[in-house]
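Below is my_file20.pdb, which holds PDB, C-alpha atoms.
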```
ATOM      1  CA  GLN A 117     141.790 143.639 135.433
ATOM      2  CA  ASP A 118     142.324 139.894 135.218
ATOM      3  CA  TRP A 119     141.266 138.544 138.595
ATOM      4  CA  SER A 120     138.062 136.970 137.247
ATOM      5  CA  ALA A 121     139.360 135.757 133.871
ATOM      6  CA  ASP A 122     139.713 132.223 135.269
ATOM      7  CA  PRO A 123     136.325 130.464 135.059
ATOM      8  CA  ASN A 124     137.232 128.568 138.247
ATOM      9  CA  SER A 125     137.245 131.765 140.304
ATOM     10  CA  PRO A 126     134.372 131.379 142.764
ATOM     11  CA  LEU A 127     130.977 133.031 142.505
ATOM     12  CA  SER A 128     131.609 135.810 145.012
ATOM     13  CA  TRP A 129     129.160 138.618 145.747
ATOM     14  CA  ARG A 130     130.682 140.572 142.833
ATOM     15  CA  PHE A 131     129.008 138.194 140.342
ATOM     16  CA  GLN A 132     125.525 138.431 141.886
ATOM     17  CA  LYS A 133     123.290 141.288 140.747
ATOM     18  CA  LYS A 134     121.095 141.260 143.880
ATOM     19  CA  ILE A 135     124.192 142.074 145.985
ATOM     20  CA  ALA A 136     126.580 143.928 143.650
ATOM     21  CA  GLY A 137     124.037 145.673 141.424
ATOM     22  CA  SER A 138     126.262 145.327 138.358
ATOM     23  CA  GLY A 139     129.483 143.723 137.199
ATOM     24  CA  ALA A 140     132.528 145.290 135.566
ATOM     25  CA  LEU A 141     130.490 148.405 134.799
ATOM     26  CA  GLY A 142     129.943 149.200 138.479
ATOM     27  CA  ASP A 143     133.108 147.591 139.819
ATOM     28  CA  ILE A 144     135.649 149.163 137.437
ATOM     29  CA  GLY A 145     133.784 151.317 134.918
ATOM     30  CA  THR A 146     132.698 153.766 137.597
ATOM     31  CA  HIS A 147     136.335 154.632 138.315
ATOM     32  CA  VAL A 148     136.993 155.305 134.633
ATOM     33  CA  VAL A 149     133.854 157.456 134.431
ATOM     34  CA  ASP A 150     135.182 159.406 137.449
ATOM     35  CA  PHE A 151     138.474 159.969 135.570
ATOM     36  CA  ALA A 152     136.604 161.125 132.467
ATOM     37  CA  ARG A 153     134.267 163.508 134.306
ATOM     38  CA  TYR A 154     137.128 165.028 136.305
ATOM     39  CA  LEU A 155     139.332 165.550 133.246
ATOM     40  CA  VAL A 156     136.840 166.308 130.462
ATOM     41  CA  GLY A 157     133.508 167.229 132.042
ATOM     42  CA  GLU A 158     129.983 165.918 132.311
ATOM     43  CA  ILE A 159     128.795 163.129 130.018
ATOM     44  CA  THR A 160     125.606 163.874 128.066
ATOM     45  CA  ASP A 161     125.205 160.868 125.720
ATOM     46  CA  VAL A 162     126.028 157.168 126.169
ATOM     47  CA  ASN A 163     125.931 154.145 123.886
ATOM     48  CA  ALA A 164     127.110 150.913 125.500
ATOM     49  CA  MET A 165     127.277 147.150 125.158
ATOM     50  CA  THR A 166     127.802 144.657 127.969
ATOM     51  CA  LYS A 167     128.701 140.973 127.890
ATOM     52  CA  THR A 168     128.931 138.140 130.399
ATOM     53  CA  TRP A 169     131.738 135.889 129.162
ATOM     54  CA  ILE A 170     131.656 133.321 131.976
ATOM     55  CA  PRO A 171     127.965 132.482 132.595
ATOM     56  CA  GLU A 172     128.485 130.299 135.686
ATOM     57  CA  ARG A 173     131.098 129.910 138.395
ATOM     58  CA  PRO A 174     131.844 127.519 141.266
ATOM     59  CA  ILE A 175     129.805 128.371 144.347
ATOM     60  CA  GLN A 176     131.956 130.174 146.895
ATOM     61  CA  THR A 177     132.362 128.225 150.143
ATOM     62  CA  GLY A 178     133.905 130.986 152.279
ATOM     63  CA  GLY A 179     132.664 134.457 153.072
ATOM     64  CA  ILE A 180     135.729 136.413 151.917
ATOM     65  CA  ASP A 181     136.142 137.736 148.372
ATOM     66  CA  LYS A 182     139.779 137.064 147.441
ATOM     67  CA  LEU A 183     139.617 138.663 143.946
ATOM     68  CA  GLY A 184     140.456 135.554 141.956
ATOM     69  CA  THR A 185     143.137 134.149 144.252
ATOM     70  CA  VAL A 186     140.937 131.214 145.323
ATOM     71  CA  LYS A 187     139.997 128.641 142.697
ATOM     72  CA  GLY A 188     136.830 126.606 142.613
ATOM     73  CA  GLY A 189     138.609 123.371 141.827
ATOM     74  CA  SER A 190     137.591 120.779 139.253
ATOM     75  CA  ASN A 191     134.729 120.984 136.791
ATOM     76  CA  ASP A 192     132.503 118.735 138.919
ATOM     77  CA  VAL A 193     132.006 121.238 141.787
ATOM     78  CA  PRO A 194     128.546 122.858 142.157
ATOM     79  CA  LYS A 195     128.151 126.013 140.081
ATOM     80  CA  ALA A 196     125.647 128.850 139.930
ATOM     81  CA  ALA A 197     124.762 131.481 137.363
ATOM     82  CA  VAL A 198     126.565 134.792 136.965
ATOM     83  CA  ASP A 199     123.990 137.517 136.323
ATOM     84  CA  VAL A 200     126.203 140.591 135.923
ATOM     85  CA  ASP A 201     128.442 141.843 133.111
ATOM     86  CA  ASP A 202     132.077 140.783 132.697
ATOM     87  CA  GLU A 203     132.799 143.548 130.196
ATOM     88  CA  VAL A 204     131.370 146.896 129.096
ATOM     89  CA  ILE A 205     132.308 148.938 126.047
ATOM     90  CA  THR A 206     130.944 152.472 125.853
ATOM     91  CA  MET A 207     130.970 155.455 123.511
ATOM     92  CA  VAL A 208     130.329 158.765 125.253
ATOM     93  CA  LYS A 209     129.783 162.408 124.342
ATOM     94  CA  PHE A 210     130.651 165.165 126.769
ATOM     95  CA  GLU A 211     128.841 168.424 127.442
ATOM     96  CA  ASN A 212     131.722 170.371 125.846
ATOM     97  CA  GLY A 213     131.440 168.380 122.580
ATOM     98  CA  ALA A 214     134.358 166.022 123.207
ATOM     99  CA  MET A 215     133.838 162.324 122.444
ATOM    100  CA  GLY A 216     135.370 159.278 124.049
ATOM    101  CA  THR A 217     135.285 155.575 124.676
ATOM    102  CA  ILE A 218     135.249 153.747 127.982
ATOM    103  CA  GLU A 219     135.953 150.053 128.409
ATOM    104  CA  ALA A 220     136.016 147.963 131.568
ATOM    105  CA  THR A 221     136.553 144.253 132.103
ATOM    106  CA  ARG A 222     137.635 141.875 134.838
ATOM    107  CA  ASN A 223     138.629 139.230 132.273
ATOM    108  CA  ALA A 224     141.789 140.743 130.701
ATOM    109  CA  TRP A 225     144.665 138.332 131.363
ATOM    110  CA  GLY A 226     147.816 140.174 132.415
ATOM    111  CA  ARG A 227     146.088 143.325 133.626
ATOM    112  CA  ASN A 228     146.195 144.070 137.351
ATOM    113  CA  ASN A 229     144.780 147.564 137.790
ATOM    114  CA  PHE A 230     145.001 148.864 134.222
ATOM    115  CA  LEU A 231     142.995 152.055 134.686
ATOM    116  CA  THR A 232     144.163 154.265 131.843
ATOM    117  CA  PHE A 233     143.158 157.337 129.931
ATOM    118  CA  GLU A 234     144.247 159.066 126.750
ATOM    119  CA  ILE A 235     143.247 162.591 125.905
ATOM    120  CA  HIS A 236     143.900 164.056 122.464
ATOM    121  CA  GLY A 237     143.457 167.788 121.936
ATOM    122  CA  GLU A 238     144.456 170.667 119.721
ATOM    123  CA  LYS A 239     147.718 171.263 121.592
ATOM    124  CA  GLY A 240     148.791 167.682 122.210
ATOM    125  CA  SER A 241     148.007 164.392 123.901
ATOM    126  CA  LEU A 242     148.213 162.838 127.369
ATOM    127  CA  TYR A 243     148.375 159.180 128.369
ATOM    128  CA  PHE A 244     148.174 157.795 131.916
ATOM    129  CA  ASN A 245     148.290 154.202 133.169
ATOM    130  CA  TYR A 246     147.542 153.540 136.846
ATOM    131  CA  GLU A 247     149.812 150.475 136.793
ATOM    132  CA  ARG A 248     152.638 153.004 136.181
ATOM    133  CA  ARG A 249     151.103 155.748 138.304
ATOM    134  CA  ASP A 250     154.294 157.757 138.763
ATOM    135  CA  GLU A 251     154.451 158.467 135.020
ATOM    136  CA  LEU A 252     152.433 160.738 132.754
ATOM    137  CA  GLN A 253     153.053 160.533 129.001
ATOM    138  CA  VAL A 254     152.745 163.867 127.167
ATOM    139  CA  CYS A 255     153.117 164.920 123.535
ATOM    140  CA  PHE A 256     152.871 168.525 122.338
ATOM    141  CA  ALA A 257     151.567 169.469 118.888
ATOM    142  CA  ASP A 258     154.123 172.268 118.504
ATOM    143  CA  ASP A 259     157.167 170.078 119.146
ATOM    144  CA  PRO A 260     159.623 170.178 116.210
ATOM    145  CA  SER A 261     159.088 167.288 113.814
ATOM    146  CA  ASP A 262     162.469 165.753 114.658
ATOM    147  CA  ALA A 263     161.504 165.589 118.364
ATOM    148  CA  LYS A 264     157.787 164.801 118.125
ATOM    149  CA  GLY A 265     156.541 161.942 120.276
ATOM    150  CA  PHE A 266     155.550 161.120 123.811
ATOM    151  CA  ARG A 267     157.841 161.968 126.701
ATOM    152  CA  THR A 268     157.538 160.826 130.286
ATOM    153  CA  VAL A 269     156.877 163.261 133.097
ATOM    154  CA  TYR A 270     157.518 161.671 136.492
ATOM    155  CA  THR A 271     155.127 162.636 139.255
ATOM    156  CA  GLY A 272     155.927 163.088 142.906
ATOM    157  CA  PRO A 273     155.010 165.093 145.978
ATOM    158  CA  ALA A 274     155.689 168.424 144.226
ATOM    159  CA  THR A 275     153.159 167.781 141.437
ATOM    160  CA  PRO A 276     149.448 168.572 141.823
ATOM    161  CA  TYR A 277     147.840 165.857 143.983
ATOM    162  CA  GLY A 278     151.273 164.231 144.274
ATOM    163  CA  GLU A 279     150.906 163.614 147.992
ATOM    164  CA  GLY A 280     148.019 161.257 147.177
ATOM    165  CA  LEU A 281     150.344 159.037 145.141
ATOM    166  CA  TRP A 282     153.390 159.628 147.330
ATOM    167  CA  PRO A 283     152.074 159.349 150.912
ATOM    168  CA  ILE A 284     155.520 159.906 152.422
ATOM    169  CA  PRO A 285     155.837 162.466 155.269
TER     170      PRO A 285
END
```

Could you render the structure as structure tokens?
Amino acid sequence: QDWSADPNSPLSWRFQKKIAGSGALGDIGTHVVDFARYLVGEITDVNAMTKTWIPERPIQTGGIDKLGTVKGGSNDVPKAAVDVDDEVITMVKFENGAMGTIEATRNAWGRNNFLTFEIHGEKGSLYFNYERRDELQVCFADDPSDAKGFRTVYTGPATPYGEGLWPIP
């Protein structure tokens, strides 16, 4: 996501460990871990790095977290330390032997809710991007060589869990 990429975004509760517990890891990474566990299985091994890119932010004057839509103003406003991560990069191993990577950041300009996954297997590959949540990209290993590549499958109410993405009566 990009809502905290601007260093003038205020120091909301999301940037304070005593309130939030963690940064991008807990705020966004948990959703990606949910994806991974649902699609691939339990994670057995983890190797990760975290980084705080913006070490201080303007002190928030209001009580509402506006996810980067309120700016702290000029450089001379009072600031306080950020003590959570802005980004996490992780390598994981799953119980079934599969391996993967998980990345989460709130400092990626141009990304709104870019929760994605790619799965590569013996019979093909899948790609999903939540910003285009009505589309699933699929590629099959046994496609003829002159037609190999990703194709788009459009989701809707008739697809599994489609009513969750299409809440239309």

(message) I'd like to know which of A:Leu127, A:Ile205, A:Leu141, A:Ala214 is closest to A:Arg153, using only C-alpha atoms.
(response)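 Nearest candidate to A:Arg153 out of A:Leu127, A:Ile205, A:Leu141, A:Ala214: A:Ala214.
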
(request) Would you kindly return, as a ChimeraX atom specification, each protein, DNA or RNA residue with an atom no farther than 10 Å from any atom of A:Ala152, considering only C-alpha atoms and excluding same-chain residues fewer than 4 positions away? (result) /A:146-148,156-159,208,210,216-218,233-235

(request) Kindly resolve the PyMOL selection byres ((chain A and resi 131) around 12) on the present coordinates and return the residues as a PyMOL selection string. (result) chain A and resi 120+123+125-130+132-143+168-176+181+183-184+196-202+222

Saved selection, atoms kept: C-alpha atoms, as a short mmCIF file (atom, residue, chain, number, x, y, z; two decimals), in the frame of the given file:
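Written file, selection37.cif:
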```
data_model
loop_
_atom_site.label_atom_id
_atom_site.label_comp_id
_atom_site.auth_asym_id
_atom_site.auth_seq_id
_atom_site.Cartn_x
_atom_site.Cartn_y
_atom_site.Cartn_z
CA SER A 120 138.06 136.97 137.25
CA PRO A 123 136.32 130.46 135.06
CA SER A 125 137.24 131.76 140.30
CA PRO A 126 134.37 131.38 142.76
CA LEU A 127 130.98 133.03 142.50
CA SER A 128 131.61 135.81 145.01
CA TRP A 129 129.16 138.62 145.75
CA ARG A 130 130.68 140.57 142.83
CA GLN A 132 125.52 138.43 141.89
CA LYS A 133 123.29 141.29 140.75
CA LYS A 134 121.10 141.26 143.88
CA ILE A 135 124.19 142.07 145.99
CA ALA A 136 126.58 143.93 143.65
CA GLY A 137 124.04 145.67 141.42
CA SER A 138 126.26 145.33 138.36
CA GLY A 139 129.48 143.72 137.20
CA ALA A 140 132.53 145.29 135.57
CA LEU A 141 130.49 148.40 134.80
CA GLY A 142 129.94 149.20 138.48
CA ASP A 143 133.11 147.59 139.82
CA THR A 168 128.93 138.14 130.40
CA TRP A 169 131.74 135.89 129.16
CA ILE A 170 131.66 133.32 131.98
CA PRO A 171 127.96 132.48 132.60
CA GLU A 172 128.49 130.30 135.69
CA ARG A 173 131.10 129.91 138.40
CA PRO A 174 131.84 127.52 141.27
CA ILE A 175 129.80 128.37 144.35
CA GLN A 176 131.96 130.17 146.90
CA ASP A 181 136.14 137.74 148.37
CA LEU A 183 139.62 138.66 143.95
CA GLY A 184 140.46 135.55 141.96
CA ALA A 196 125.65 128.85 139.93
CA ALA A 197 124.76 131.48 137.36
CA VAL A 198 126.56 134.79 136.96
CA ASP A 199 123.99 137.52 136.32
CA VAL A 200 126.20 140.59 135.92
CA ASP A 201 128.44 141.84 133.11
CA ASP A 202 132.08 140.78 132.70
CA ARG A 222 137.64 141.88 134.84
#
```

(request) Determine, counting all atoms listed in the file, which protein, DNA and RNA residues have an atom within 10 Å of an atom of A:Met165; residues of the same chain fewer than 6 positions away are not included. Present the result as a ChimeraX atom specification. (result) /A:201,203-207,219

If we count all atoms listed in the file and set the cut-off at 7 Å, which residues sit around stretch 228-232 of chain A, ignoring sequence neighbours fewer than 6 positions away in its own chain? Please answer as an mmCIF file with C-alpha atoms, in the frame of the given file.
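After the write, selection_35.cif holds the following:
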```
data_model
loop_
_atom_site.group_PDB
_atom_site.id
_atom_site.type_symbol
_atom_site.label_atom_id
_atom_site.label_comp_id
_atom_site.auth_asym_id
_atom_site.auth_seq_id
_atom_site.Cartn_x
_atom_site.Cartn_y
_atom_site.Cartn_z
ATOM 1 C CA GLN A 117 141.790 143.639 135.433
ATOM 2 C CA ASP A 118 142.324 139.894 135.218
ATOM 3 C CA VAL A 148 136.993 155.305 134.633
ATOM 4 C CA PHE A 244 148.174 157.795 131.916
ATOM 5 C CA ASN A 245 148.290 154.202 133.169
ATOM 6 C CA TYR A 246 147.542 153.540 136.846
ATOM 7 C CA GLU A 247 149.812 150.475 136.793
#
```

(request) Given the file shown, enumerate the residues that the PyMOL selection byres ((chain A and resi 161) around 6) captures and present them as a PyMOL selection string. (result) chain A and resi 160+162+208-209

Could you dump the residues just selected with C-alpha atoms as a short mmCIF file (atom, residue, chain, number, x, y, z; two decimals), in the frame of the given file?
```
data_model
loop_
_atom_site.label_atom_id
_atom_site.label_comp_id
_atom_site.auth_asym_id
_atom_site.auth_seq_id
_atom_site.Cartn_x
_atom_site.Cartn_y
_atom_site.Cartn_z
CA THR A 160 125.61 163.87 128.07
CA VAL A 162 126.03 157.17 126.17
CA VAL A 208 130.33 158.76 125.25
CA LYS A 209 129.78 162.41 124.34
#
```

(request) Quick one: pull the distance between atom CA of A:Phe256 and atom CA of A:Thr268, Å, one decimal. (result)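 Separation between atom CA of A:Phe256 and atom CA of A:Thr268: 12.0 Å.
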
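Look at A:Arg267: the protein and nucleic acid residues within 9 Å of it, using all atoms listed in the file and passing over chain neighbours fewer than 4 places away, are Leu252, Gln253, Val254 and Cys255 of chain A.
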
Selection file, C-alpha atoms, as a PDB file, in the frame of the given file:
```pdb
ATOM      1  CA  LEU A 252     152.433 160.738 132.754  1.00  0.00           C
ATOM      2  CA  GLN A 253     153.053 160.533 129.001  1.00  0.00           C
ATOM      3  CA  VAL A 254     152.745 163.867 127.167  1.00  0.00           C
ATOM      4  CA  CYS A 255     153.117 164.920 123.535  1.00  0.00           C
TER       5      CYS A 255
END
```

(message) One decimal, in Å: what's the spacing between atom CA of A:Tyr154 and atom CA of A:Ala257?
(response)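 Computing the Euclidean distance for atom CA of A:Tyr154 and atom CA of A:Ala257 yields 23.1 Å.
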
(request) Go ahead and compute the interatomic distance for atom CA of A:Tyr270 and atom CA of A:Glu251, in Å to one decimal. (result) 4.7 Å

Determine the axis-aligned bounding box of all atoms of stretch 190-203 of chain A present in the file, pad each side by 3 Å, and express its centre and edge lengths in Å to one decimal place as JSON.
```
{"center_x": 130.8, "center_y": 131.1, "center_z": 136.2, "size_x": 19.6, "size_y": 30.8, "size_z": 18.0}
```

(request) Could you tell me which of A:Gly145, A:Leu155, A:Asp122, A:Ala263 comes closest to A:Asn212 if we count all atoms listed in the file? (result) A:Leu155

(message) Calculated over all atoms listed in the file, which of the candidates A:Arg227, A:Pro260, A:Arg249, A:Val269 has the smallest distance to A:Trp282?
(response)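 Comparing A:Arg227, A:Pro260, A:Arg249, A:Val269 against A:Trp282, the winner is A:Arg249.
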